[in-house]
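Data block below; observations after.
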Amino acid sequence: MRLTIEHRTRYRYAPSARYVTQSLKLTPSLFDGQRIVDWSITAENCAITSEFVDGYGDTVSTLTCNGPIDEVEIVVQGLVETTDISGVLAGHREKASPQVFLRSTPMTQPSTAIRKLVKSVAKSVGPNASPLETAHGLADAVRDEIDYVPGSTHAHTTAADALAAGQGVCQDHAHVLLAAARLVDIPARYVSGYLFADSEGVPHEAAHAWAELYINDIGWVGFDPANRCCPTDFYVRLGSGLDARDASPIRGIHSGGADEDLDVTVIVAQSQQ
């Protein structure tokens, strides 16, 4: 599938900011199931430089703007060719050991309820279940326990809070799955990207998030609990991390401009060419 993406992120500062510096993970990953045909990242009156590939295998660049700055708009546009390879991240080059992703974070700290969920899945799949069967069982259980309700949580909601509430969005499903997988010694990481349509073919046209779990003899395998599936050619992968903050497409700081207003629009469409 060939997918076109337009992703606009606009920051407004009041009063004006003196300078803005941001780290960008806005370039699609390179692996067997994904190829960049055309891609650009621009921001008027700002410099985007110092591109490098980090230990996770993600492309990172740096944005800098000198003030006074009232507004910064980051515009991402491009075309990506995707192939359905059953969620397996084959051919992706990275230096970090999967063991790095056994580490918990404040966003993915396991609660008593998460531990109970893991025990329930272990009982359901049985003592002879393979790591892959356990991973699927955990992903299904997370979706069973957390209803998809847009706007029910926020960027700082933890995995424990989302499970306790019984509702959330893709970020929350991913965080709970990370916490659960790590409890049974399966390395797990958060993935940011885009989704063209859900497993039923309903257009999604937005930024999205899911999880990848490391399965011995297979490698990293994607799981999207929110849509009860593994990533397909409807997905475009940007980058990964220990949690949503670590994998965030845009992270940064600014000086001055105490009040920051953020507006994000994403359009994902199928190319007719």
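Ordered as shown in the structure tokens, chains take letters A, B, and onward, while each chain numbers its residues from 1 and ligands are numbered from 1 in the order shown.
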What's the 8 Å shell around Asp70 of chain A, counting only C-alpha atoms, without same-chain residues fewer than 2 positions away, as a PyMOL selection string? chain A and resi 12-17+68+72
Write out the residues from the selection above, keeping N, CA and C atoms, as an mmCIF file, in the first residue's frame.
```
data_model
loop_
_atom_site.group_PDB
_atom_site.id
_atom_site.type_symbol
_atom_site.label_atom_id
_atom_site.label_comp_id
_atom_site.auth_asym_id
_atom_site.auth_seq_id
_atom_site.Cartn_x
_atom_site.Cartn_y
_atom_site.Cartn_z
ATOM 1 N N ARG A 12 1.865 27.742 19.707
ATOM 2 C CA ARG A 12 1.740 29.197 19.841
ATOM 3 C C ARG A 12 2.193 29.584 21.255
ATOM 4 N N TYR A 13 2.963 30.683 21.330
ATOM 5 C CA TYR A 13 3.528 31.109 22.604
ATOM 6 C C TYR A 13 3.060 32.522 22.953
ATOM 7 N N ALA A 14 2.693 32.687 24.224
ATOM 8 C CA ALA A 14 2.286 34.005 24.703
ATOM 9 C C ALA A 14 2.767 34.159 26.153
ATOM 10 N N PRO A 15 3.630 35.135 26.406
ATOM 11 C CA PRO A 15 4.268 36.026 25.422
ATOM 12 C C PRO A 15 5.233 35.242 24.520
ATOM 13 N N SER A 16 5.870 35.952 23.618
ATOM 14 C CA SER A 16 6.766 35.314 22.662
ATOM 15 C C SER A 16 7.895 34.563 23.368
ATOM 16 N N ALA A 17 8.256 33.415 22.791
ATOM 17 C CA ALA A 17 9.378 32.637 23.315
ATOM 18 C C ALA A 17 10.692 33.231 22.808
ATOM 19 N N PRO A 68 12.367 36.696 18.818
ATOM 20 C CA PRO A 68 11.099 36.318 19.469
ATOM 21 C C PRO A 68 10.223 35.429 18.572
ATOM 22 N N VAL A 72 5.354 28.323 16.046
ATOM 23 C CA VAL A 72 6.172 27.363 15.303
ATOM 24 C C VAL A 72 5.235 26.305 14.737
#
```
Check segment 20-269 of chain A with DSSP on the backbone and list each residue it calls strand (DSSP E or B), as a VMD selection string. chain A and resid 20 to 24 31 34 to 43 47 to 53 59 to 82 88 147 to 148 167 to 168 188 to 197 203 to 215 219 to 224 229 235 to 241 250 to 256 259 to 269
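As for atom CA of His173 of chain A and atom CA of Arg93 of chain A, they are spaced 26.2 Å apart.
A straight line drawn from atom CA of Gly252 of chain A to atom CA of Glu73 of chain A is 13.7 Å long.
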Running DSSP on the backbone, which parts of segment 39-271 of chain A land in alpha helix (DSSP H), as a PyMOL selection string? chain A and resi 112-125+131-145+159-165+170-183
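Rounded to one decimal, atom CA of Tyr148 of chain A and atom CA of Ala165 of chain A lie 11.3 Å from each other.
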Can you pull out the residues contacting Phe196 of chain A? Cut-off 12 Å, using only C-alpha atoms, and skip same-chain residues under 6 positions away; I want them as a VMD selection string. chain A and resid 1 to 6 80 82 202 to 208 231 to 237 266 to 271
Using only C-alpha atoms, which residues sit within 10 Å of Ala162 of chain A once same-chain residues fewer than 2 positions away are excluded, as a list in words? Glu145, Ile146, Asp147, Ser152, Thr153, His154, Thr157, Thr158, Ala159, Ala160, Ala164, Ala165, Gly166, Gln167, Gly168, Val169, Gln171, Asp172, His173, His175 and Val176 of chain A
